$ cat my_file_13.cif   # mmCIF, N, CA and C atoms
data_data
loop_
_atom_site.group_PDB
_atom_site.id
_atom_site.type_symbol
_atom_site.label_atom_id
_atom_site.label_comp_id
_atom_site.auth_asym_id
_atom_site.auth_seq_id
_atom_site.Cartn_x
_atom_site.Cartn_y
_atom_site.Cartn_z
ATOM 1 N N MET C 676 102.715 79.429 82.416
ATOM 2 C CA MET C 676 101.337 79.756 82.189
ATOM 3 C C MET C 676 100.691 78.679 81.343
ATOM 4 N N TYR C 677 99.426 78.425 81.574
ATOM 5 C CA TYR C 677 98.673 77.400 80.858
ATOM 6 C C TYR C 677 98.364 77.844 79.444
ATOM 7 N N GLU C 678 98.670 76.986 78.463
ATOM 8 C CA GLU C 678 98.307 77.237 77.079
ATOM 9 C C GLU C 678 97.382 76.116 76.635
ATOM 10 N N PRO C 679 96.169 76.427 76.160
ATOM 11 C CA PRO C 679 95.241 75.379 75.742
ATOM 12 C C PRO C 679 95.748 74.637 74.511
ATOM 13 N N LEU C 680 95.349 73.367 74.391
ATOM 14 C CA LEU C 680 95.679 72.600 73.209
ATOM 15 C C LEU C 680 94.972 73.220 72.020
ATOM 16 N N THR C 681 95.647 73.234 70.884
ATOM 17 C CA THR C 681 95.056 73.831 69.694
ATOM 18 C C THR C 681 95.179 72.878 68.523
ATOM 19 N N GLN C 682 94.372 73.115 67.515
ATOM 20 C CA GLN C 682 94.452 72.343 66.296
ATOM 21 C C GLN C 682 95.663 72.804 65.514
ATOM 22 N N ALA C 683 96.447 71.850 65.040
ATOM 23 C CA ALA C 683 97.648 72.202 64.301
ATOM 24 C C ALA C 683 97.329 72.740 62.915
ATOM 25 N N SER C 684 96.255 72.242 62.284
ATOM 26 C CA SER C 684 95.966 72.634 60.909
ATOM 27 C C SER C 684 95.176 73.930 60.805
ATOM 28 N N ASP C 685 94.613 74.390 61.892
ATOM 29 C CA ASP C 685 93.776 75.584 61.855
ATOM 30 C C ASP C 685 94.636 76.829 62.043
ATOM 31 N N SER C 686 94.549 77.759 61.104
ATOM 32 C CA SER C 686 95.382 78.958 61.190
ATOM 33 C C SER C 686 94.904 79.906 62.285
ATOM 34 N N THR C 687 93.628 79.790 62.711
ATOM 35 C CA THR C 687 93.129 80.660 63.770
ATOM 36 C C THR C 687 93.479 80.121 65.159
ATOM 37 N N GLN C 688 93.958 78.883 65.232
ATOM 38 C CA GLN C 688 94.371 78.254 66.492
ATOM 39 C C GLN C 688 93.248 78.220 67.520
ATOM 40 N N GLU C 689 92.097 77.718 67.125
ATOM 41 C CA GLU C 689 90.958 77.564 68.041
ATOM 42 C C GLU C 689 91.253 76.430 69.023
ATOM 43 N N PRO C 690 90.986 76.608 70.315
ATOM 44 C CA PRO C 690 91.228 75.534 71.279
ATOM 45 C C PRO C 690 90.398 74.297 70.948
ATOM 46 N N VAL C 691 91.002 73.110 71.106
ATOM 47 C CA VAL C 691 90.335 71.857 70.787
ATOM 48 C C VAL C 691 89.049 71.704 71.590
ATOM 49 N N ALA C 692 89.043 72.092 72.837
ATOM 50 C CA ALA C 692 87.855 71.952 73.672
ATOM 51 C C ALA C 692 86.702 72.821 73.178
ATOM 52 N N ALA C 693 86.995 73.884 72.451
ATOM 53 C CA ALA C 693 85.961 74.795 71.980
ATOM 54 C C ALA C 693 85.406 74.398 70.614
ATOM 55 N N GLU C 694 86.054 73.442 69.950
ATOM 56 C CA GLU C 694 85.554 73.063 68.633
ATOM 57 C C GLU C 694 84.284 72.219 68.741
ATOM 58 N N ARG C 695 83.575 72.086 67.659
ATOM 59 C CA ARG C 695 82.315 71.342 67.625
ATOM 60 C C ARG C 695 82.576 69.861 67.873
ATOM 61 N N HIS C 696 81.776 69.233 68.737
ATOM 62 C CA HIS C 696 81.845 67.806 69.019
ATOM 63 C C HIS C 696 80.539 67.166 68.562
ATOM 64 N N TYR C 697 80.628 66.036 67.879
ATOM 65 C CA TYR C 697 79.467 65.351 67.330
ATOM 66 C C TYR C 697 79.187 64.057 68.096
ATOM 67 N N SER C 698 77.915 63.714 68.223
ATOM 68 C CA SER C 698 77.549 62.419 68.790
ATOM 69 C C SER C 698 77.578 61.388 67.666
ATOM 70 N N ALA C 699 77.599 60.111 68.040
ATOM 71 C CA ALA C 699 77.577 59.042 67.040
ATOM 72 C C ALA C 699 76.287 59.101 66.233
ATOM 73 N N ALA C 700 75.171 59.434 66.871
ATOM 74 C CA ALA C 700 73.883 59.513 66.170
ATOM 75 C C ALA C 700 73.880 60.640 65.135
ATOM 76 N N GLU C 701 74.493 61.783 65.464
ATOM 77 C CA GLU C 701 74.562 62.892 64.509
ATOM 78 C C GLU C 701 75.366 62.498 63.273
ATOM 79 N N LEU C 702 76.520 61.862 63.486
ATOM 80 C CA LEU C 702 77.346 61.452 62.349
ATOM 81 C C LEU C 702 76.673 60.350 61.548
ATOM 82 N N ALA C 703 75.983 59.453 62.222
ATOM 83 C CA ALA C 703 75.275 58.383 61.523
ATOM 84 C C ALA C 703 74.235 58.966 60.578
ATOM 85 N N ALA C 704 73.540 59.996 61.006
ATOM 86 C CA ALA C 704 72.537 60.634 60.160
ATOM 87 C C ALA C 704 73.186 61.354 58.975
ATOM 88 N N VAL C 705 74.283 62.049 59.226
ATOM 89 C CA VAL C 705 74.959 62.802 58.164
ATOM 90 C C VAL C 705 75.603 61.865 57.145
ATOM 91 N N TRP C 706 76.271 60.803 57.632
ATOM 92 C CA TRP C 706 76.970 59.879 56.750
ATOM 93 C C TRP C 706 76.065 58.747 56.251
ATOM 94 N N ASN C 707 74.816 58.734 56.694
ATOM 95 C CA ASN C 707 73.848 57.702 56.304
ATOM 96 C C ASN C 707 74.358 56.296 56.641
ATOM 97 N N LEU C 708 74.860 56.146 57.875
ATOM 98 C CA LEU C 708 75.353 54.869 58.380
ATOM 99 C C LEU C 708 74.643 54.543 59.690
ATOM 100 N N ASN C 709 74.779 53.299 60.126
ATOM 101 C CA ASN C 709 74.240 52.866 61.397
ATOM 102 C C ASN C 709 75.075 53.460 62.534
ATOM 103 N N VAL C 710 74.450 53.742 63.664
ATOM 104 C CA VAL C 710 75.157 54.304 64.824
ATOM 105 C C VAL C 710 76.281 53.366 65.276
ATOM 106 N N GLU C 711 76.032 52.078 65.263
ATOM 107 C CA GLU C 711 77.070 51.115 65.681
ATOM 108 C C GLU C 711 78.261 51.123 64.721
ATOM 109 N N THR C 712 78.022 51.365 63.460
ATOM 110 C CA THR C 712 79.119 51.470 62.494
ATOM 111 C C THR C 712 79.985 52.679 62.815
ATOM 112 N N ILE C 713 79.363 53.797 63.134
ATOM 113 C CA ILE C 713 80.111 54.996 63.537
ATOM 114 C C ILE C 713 80.922 54.706 64.789
ATOM 115 N N ARG C 714 80.336 54.042 65.758
ATOM 116 C CA ARG C 714 81.061 53.694 66.989
ATOM 117 C C ARG C 714 82.277 52.824 66.687
ATOM 118 N N ARG C 715 82.122 51.853 65.785
ATOM 119 C CA ARG C 715 83.250 50.975 65.426
ATOM 120 C C ARG C 715 84.350 51.763 64.712
ATOM 121 N N ILE C 716 83.964 52.677 63.814
ATOM 122 C CA ILE C 716 84.957 53.463 63.075
ATOM 123 C C ILE C 716 85.805 54.302 64.035
ATOM 124 N N PHE C 717 85.164 54.891 65.044
ATOM 125 C CA PHE C 717 85.851 55.840 65.929
ATOM 126 C C PHE C 717 86.296 55.249 67.261
ATOM 127 N N GLN C 718 86.041 53.966 67.539
ATOM 128 C CA GLN C 718 86.282 53.410 68.869
ATOM 129 C C GLN C 718 87.726 53.526 69.357
ATOM 130 N N ASP C 719 88.703 53.333 68.488
ATOM 131 C CA ASP C 719 90.107 53.391 68.905
ATOM 132 C C ASP C 719 90.809 54.650 68.403
ATOM 133 N N GLU C 720 90.050 55.606 67.949
ATOM 134 C CA GLU C 720 90.622 56.823 67.376
ATOM 135 C C GLU C 720 91.084 57.764 68.484
ATOM 136 N N PRO C 721 92.342 58.200 68.435
ATOM 137 C CA PRO C 721 92.804 59.153 69.455
ATOM 138 C C PRO C 721 92.094 60.493 69.312
ATOM 139 N N GLY C 722 91.736 61.077 70.437
ATOM 140 C CA GLY C 722 91.124 62.399 70.435
ATOM 141 C C GLY C 722 89.631 62.411 70.703
ATOM 142 N N ILE C 723 88.960 61.242 70.641
ATOM 143 C CA ILE C 723 87.535 61.257 70.929
ATOM 144 C C ILE C 723 87.323 61.340 72.434
ATOM 145 N N VAL C 724 86.187 61.885 72.830
ATOM 146 C CA VAL C 724 85.844 62.030 74.241
ATOM 147 C C VAL C 724 84.906 60.882 74.598
ATOM 148 N N VAL C 725 85.298 60.100 75.623
ATOM 149 C CA VAL C 725 84.482 58.972 76.067
ATOM 150 C C VAL C 725 83.998 59.258 77.479
ATOM 151 N N LEU C 726 82.683 59.231 77.645
ATOM 152 C CA LEU C 726 82.068 59.416 78.960
ATOM 153 C C LEU C 726 81.409 58.096 79.341
ATOM 154 N N GLN C 727 81.824 57.542 80.472
ATOM 155 C CA GLN C 727 81.263 56.263 80.892
ATOM 156 C C GLN C 727 80.902 56.337 82.359
ATOM 157 N N SER C 728 79.692 55.900 82.668
ATOM 158 C CA SER C 728 79.259 55.875 84.057
ATOM 159 C C SER C 728 79.893 54.676 84.747
ATOM 160 N N PRO C 729 80.022 54.729 86.063
ATOM 161 C CA PRO C 729 80.584 53.590 86.785
ATOM 162 C C PRO C 729 79.730 52.344 86.555
ATOM 163 N N VAL C 730 80.400 51.200 86.440
ATOM 164 C CA VAL C 730 79.698 49.940 86.218
ATOM 165 C C VAL C 730 79.055 49.500 87.524
ATOM 166 N N LYS C 731 77.756 49.246 87.467
ATOM 167 C CA LYS C 731 77.030 48.772 88.644
ATOM 168 C C LYS C 731 76.720 47.303 88.450
ATOM 169 N N ARG C 732 76.799 46.558 89.517
ATOM 170 C CA ARG C 732 76.584 45.123 89.439
ATOM 171 C C ARG C 732 75.188 44.810 88.890
ATOM 172 N N GLY C 733 75.142 43.941 87.914
ATOM 173 C CA GLY C 733 73.882 43.544 87.326
ATOM 174 C C GLY C 733 73.364 44.468 86.243
ATOM 175 N N LYS C 734 74.079 45.553 85.958
ATOM 176 C CA LYS C 734 73.642 46.501 84.923
ATOM 177 C C LYS C 734 74.747 46.645 83.886
ATOM 178 N N ARG C 735 74.339 46.880 82.669
ATOM 179 C CA ARG C 735 75.350 47.054 81.631
ATOM 180 C C ARG C 735 75.917 48.471 81.689
ATOM 181 N N PRO C 736 77.198 48.623 81.364
ATOM 182 C CA PRO C 736 77.795 49.966 81.378
ATOM 183 C C PRO C 736 77.325 50.775 80.171
ATOM 184 N N TYR C 737 77.079 52.045 80.359
ATOM 185 C CA TYR C 737 76.709 52.944 79.282
ATOM 186 C C TYR C 737 77.905 53.819 78.949
ATOM 187 N N LYS C 738 78.185 53.933 77.653
ATOM 188 C CA LYS C 738 79.322 54.720 77.193
ATOM 189 C C LYS C 738 78.819 55.719 76.154
ATOM 190 N N THR C 739 79.156 56.977 76.344
ATOM 191 C CA THR C 739 78.809 58.034 75.407
ATOM 192 C C THR C 739 80.094 58.543 74.773
ATOM 193 N N ILE C 740 80.088 58.693 73.456
ATOM 194 C CA ILE C 740 81.270 59.241 72.793
ATOM 195 C C ILE C 740 80.904 60.558 72.110
ATOM 196 N N ARG C 741 81.866 61.450 72.080
ATOM 197 C CA ARG C 741 81.749 62.711 71.357
ATOM 198 C C ARG C 741 82.989 62.826 70.475
ATOM 199 N N ILE C 742 82.764 63.195 69.225
ATOM 200 C CA ILE C 742 83.827 63.212 68.235
ATOM 201 C C ILE C 742 84.110 64.651 67.820
ATOM 202 N N PRO C 743 85.306 65.166 68.159
ATOM 203 C CA PRO C 743 85.657 66.543 67.780
ATOM 204 C C PRO C 743 85.766 66.699 66.266
ATOM 205 N N GLN C 744 85.515 67.904 65.798
ATOM 206 C CA GLN C 744 85.579 68.225 64.373
ATOM 207 C C GLN C 744 86.918 67.828 63.764
ATOM 208 N N SER C 745 88.014 68.075 64.462
ATOM 209 C CA SER C 745 89.340 67.764 63.921
ATOM 210 C C SER C 745 89.528 66.260 63.725
ATOM 211 N N VAL C 746 89.009 65.447 64.654
ATOM 212 C CA VAL C 746 89.101 63.993 64.528
ATOM 213 C C VAL C 746 88.215 63.527 63.368
ATOM 214 N N LEU C 747 87.033 64.098 63.276
ATOM 215 C CA LEU C 747 86.114 63.772 62.187
ATOM 216 C C LEU C 747 86.768 64.024 60.830
ATOM 217 N N GLU C 748 87.397 65.170 60.681
ATOM 218 C CA GLU C 748 88.060 65.506 59.421
ATOM 219 C C GLU C 748 89.213 64.558 59.123
ATOM 220 N N ARG C 749 89.991 64.205 60.152
ATOM 221 C CA ARG C 749 91.129 63.299 59.977
ATOM 222 C C ARG C 749 90.651 61.920 59.512
ATOM 223 N N VAL C 750 89.614 61.396 60.147
ATOM 224 C CA VAL C 750 89.095 60.072 59.792
ATOM 225 C C VAL C 750 88.465 60.114 58.400
ATOM 226 N N HIS C 751 87.731 61.162 58.108
ATOM 227 C CA HIS C 751 87.098 61.287 56.791
ATOM 228 C C HIS C 751 88.156 61.294 55.694
ATOM 229 N N LYS C 752 89.230 62.032 55.910
ATOM 230 C CA LYS C 752 90.316 62.085 54.926
ATOM 231 C C LYS C 752 90.959 60.712 54.764
ATOM 232 N N ARG C 753 91.160 59.995 55.877
ATOM 233 C CA ARG C 753 91.759 58.658 55.831
ATOM 234 C C ARG C 753 90.841 57.676 55.098
ATOM 235 N N LEU C 754 89.536 57.766 55.304
ATOM 236 C CA LEU C 754 88.595 56.848 54.657
ATOM 237 C C LEU C 754 88.441 57.130 53.169
ATOM 238 N N GLN C 755 88.790 58.326 52.723
ATOM 239 C CA GLN C 755 88.689 58.665 51.299
ATOM 240 C C GLN C 755 89.799 58.050 50.479
ATOM 241 N N ARG C 756 90.877 57.620 51.088
ATOM 242 C CA ARG C 756 92.018 57.053 50.354
ATOM 243 C C ARG C 756 91.665 55.746 49.719
#

$ encode --input "my_file_13.cif" --output "structure tokens"
Amino acid sequence: MYEPLTQASDSTQEPVAAERHYSAAELAAVWNLNVETIRRIFQDEPGIVVLQSPVKRGKRPYKTIRIPQSVLERVHKRLQR
């Protein structure tokens, strides 16, 4: 039977897909940083959701990222050290 992925640190075991996901612009506003800085901080972080449209000739690719609450907390804790 299928068991959804869950957060290891959460005692209620909420499914990862159901947790809050933040855009780079939302985090930039909260952390008072530039959107590109947020993108650089999270670009190689495991667990972020990357949505990218197919690359069309002559057009630049657009990439949208969404950052789950658990990843946000992990990175925030790491940056506080």

$ residues_around --input "my_file_13.cif" --residues "region 713-721 of chain C" --least-positions-apart "4" --cutoff "12 Å" --atoms "only C-alpha atoms" --output "PDB file with N, CA and C atoms, keeping the file's coordinate frame"
ATOM      1  N   TYR C 697      80.628  66.036  67.879  1.00  0.00           N
ATOM      2  CA  TYR C 697      79.467  65.351  67.330  1.00  0.00           C
ATOM      3  C   TYR C 697      79.187  64.057  68.096  1.00  0.00           C
ATOM      4  N   SER C 698      77.915  63.714  68.223  1.00  0.00           N
ATOM      5  CA  SER C 698      77.549  62.419  68.790  1.00  0.00           C
ATOM      6  C   SER C 698      77.578  61.388  67.666  1.00  0.00           C
ATOM      7  N   ALA C 699      77.599  60.111  68.040  1.00  0.00           N
ATOM      8  CA  ALA C 699      77.577  59.042  67.040  1.00  0.00           C
ATOM      9  C   ALA C 699      76.287  59.101  66.233  1.00  0.00           C
ATOM     10  N   ALA C 700      75.171  59.434  66.871  1.00  0.00           N
ATOM     11  CA  ALA C 700      73.883  59.513  66.170  1.00  0.00           C
ATOM     12  C   ALA C 700      73.880  60.640  65.135  1.00  0.00           C
ATOM     13  N   GLU C 701      74.493  61.783  65.464  1.00  0.00           N
ATOM     14  CA  GLU C 701      74.562  62.892  64.509  1.00  0.00           C
ATOM     15  C   GLU C 701      75.366  62.498  63.273  1.00  0.00           C
ATOM     16  N   LEU C 702      76.520  61.862  63.486  1.00  0.00           N
ATOM     17  CA  LEU C 702      77.346  61.452  62.349  1.00  0.00           C
ATOM     18  C   LEU C 702      76.673  60.350  61.548  1.00  0.00           C
ATOM     19  N   ALA C 703      75.983  59.453  62.222  1.00  0.00           N
ATOM     20  CA  ALA C 703      75.275  58.383  61.523  1.00  0.00           C
ATOM     21  C   ALA C 703      74.235  58.966  60.578  1.00  0.00           C
ATOM     22  N   ALA C 704      73.540  59.996  61.006  1.00  0.00           N
ATOM     23  CA  ALA C 704      72.537  60.634  60.160  1.00  0.00           C
ATOM     24  C   ALA C 704      73.186  61.354  58.975  1.00  0.00           C
ATOM     25  N   VAL C 705      74.283  62.049  59.226  1.00  0.00           N
ATOM     26  CA  VAL C 705      74.959  62.802  58.164  1.00  0.00           C
ATOM     27  C   VAL C 705      75.603  61.865  57.145  1.00  0.00           C
ATOM     28  N   TRP C 706      76.271  60.803  57.632  1.00  0.00           N
ATOM     29  CA  TRP C 706      76.970  59.879  56.750  1.00  0.00           C
ATOM     30  C   TRP C 706      76.065  58.747  56.251  1.00  0.00           C
ATOM     31  N   ASN C 707      74.816  58.734  56.694  1.00  0.00           N
ATOM     32  CA  ASN C 707      73.848  57.702  56.304  1.00  0.00           C
ATOM     33  C   ASN C 707      74.358  56.296  56.641  1.00  0.00           C
ATOM     34  N   LEU C 708      74.860  56.146  57.875  1.00  0.00           N
ATOM     35  CA  LEU C 708      75.353  54.869  58.380  1.00  0.00           C
ATOM     36  C   LEU C 708      74.643  54.543  59.690  1.00  0.00           C
ATOM     37  N   ASN C 709      74.779  53.299  60.126  1.00  0.00           N
ATOM     38  CA  ASN C 709      74.240  52.866  61.397  1.00  0.00           C
ATOM     39  C   ASN C 709      75.075  53.460  62.534  1.00  0.00           C
ATOM     40  N   VAL C 725      85.298  60.100  75.623  1.00  0.00           N
ATOM     41  CA  VAL C 725      84.482  58.972  76.067  1.00  0.00           C
ATOM     42  C   VAL C 725      83.998  59.258  77.479  1.00  0.00           C
ATOM     43  N   LYS C 738      78.185  53.933  77.653  1.00  0.00           N
ATOM     44  CA  LYS C 738      79.322  54.720  77.193  1.00  0.00           C
ATOM     45  C   LYS C 738      78.819  55.719  76.154  1.00  0.00           C
ATOM     46  N   THR C 739      79.156  56.977  76.344  1.00  0.00           N
ATOM     47  CA  THR C 739      78.809  58.034  75.407  1.00  0.00           C
ATOM     48  C   THR C 739      80.094  58.543  74.773  1.00  0.00           C
ATOM     49  N   ILE C 740      80.088  58.693  73.456  1.00  0.00           N
ATOM     50  CA  ILE C 740      81.270  59.241  72.793  1.00  0.00           C
ATOM     51  C   ILE C 740      80.904  60.558  72.110  1.00  0.00           C
ATOM     52  N   ARG C 741      81.866  61.450  72.080  1.00  0.00           N
ATOM     53  CA  ARG C 741      81.749  62.711  71.357  1.00  0.00           C
ATOM     54  C   ARG C 741      82.989  62.826  70.475  1.00  0.00           C
ATOM     55  N   ILE C 742      82.764  63.195  69.225  1.00  0.00           N
ATOM     56  CA  ILE C 742      83.827  63.212  68.235  1.00  0.00           C
ATOM     57  C   ILE C 742      84.110  64.651  67.820  1.00  0.00           C
ATOM     58  N   PRO C 743      85.306  65.166  68.159  1.00  0.00           N
ATOM     59  CA  PRO C 743      85.657  66.543  67.780  1.00  0.00           C
ATOM     60  C   PRO C 743      85.766  66.699  66.266  1.00  0.00           C
ATOM     61  N   SER C 745      88.014  68.075  64.462  1.00  0.00           N
ATOM     62  CA  SER C 745      89.340  67.764  63.921  1.00  0.00           C
ATOM     63  C   SER C 745      89.528  66.260  63.725  1.00  0.00           C
ATOM     64  N   VAL C 746      89.009  65.447  64.654  1.00  0.00           N
ATOM     65  CA  VAL C 746      89.101  63.993  64.528  1.00  0.00           C
ATOM     66  C   VAL C 746      88.215  63.527  63.368  1.00  0.00           C
ATOM     67  N   LEU C 747      87.033  64.098  63.276  1.00  0.00           N
ATOM     68  CA  LEU C 747      86.114  63.772  62.187  1.00  0.00           C
ATOM     69  C   LEU C 747      86.768  64.024  60.830  1.00  0.00           C
ATOM     70  N   GLU C 748      87.397  65.170  60.681  1.00  0.00           N
ATOM     71  CA  GLU C 748      88.060  65.506  59.421  1.00  0.00           C
ATOM     72  C   GLU C 748      89.213  64.558  59.123  1.00  0.00           C
ATOM     73  N   ARG C 749      89.991  64.205  60.152  1.00  0.00           N
ATOM     74  CA  ARG C 749      91.129  63.299  59.977  1.00  0.00           C
ATOM     75  C   ARG C 749      90.651  61.920  59.512  1.00  0.00           C
ATOM     76  N   VAL C 750      89.614  61.396  60.147  1.00  0.00           N
ATOM     77  CA  VAL C 750      89.095  60.072  59.792  1.00  0.00           C
ATOM     78  C   VAL C 750      88.465  60.114  58.400  1.00  0.00           C
ATOM     79  N   HIS C 751      87.731  61.162  58.108  1.00  0.00           N
ATOM     80  CA  HIS C 751      87.098  61.287  56.791  1.00  0.00           C
ATOM     81  C   HIS C 751      88.156  61.294  55.694  1.00  0.00           C
ATOM     82  N   ARG C 753      91.160  59.995  55.877  1.00  0.00           N
ATOM     83  CA  ARG C 753      91.759  58.658  55.831  1.00  0.00           C
ATOM     84  C   ARG C 753      90.841  57.676  55.098  1.00  0.00           C
ATOM     85  N   LEU C 754      89.536  57.766  55.304  1.00  0.00           N
ATOM     86  CA  LEU C 754      88.595  56.848  54.657  1.00  0.00           C
ATOM     87  C   LEU C 754      88.441  57.130  53.169  1.00  0.00           C
TER      88      LEU C 754
END

$ atom_distance --input "my_file_13.cif" --atom1 "atom N of Glu694 (chain C)" --atom2 "atom C of Gln744 (chain C)"
8.4 Å

$ atom_distance --input "my_file_13.cif" --atom1 "atom N of Ala692 (chain C)" --atom2 "atom N of Ile723 (chain C)"
11.1 Å

$ atom_distance --input "my_file_13.cif" --atom1 "CA of Tyr737 (chain C)" --atom2 "atom N of His696 (chain C)"
20.1 Å
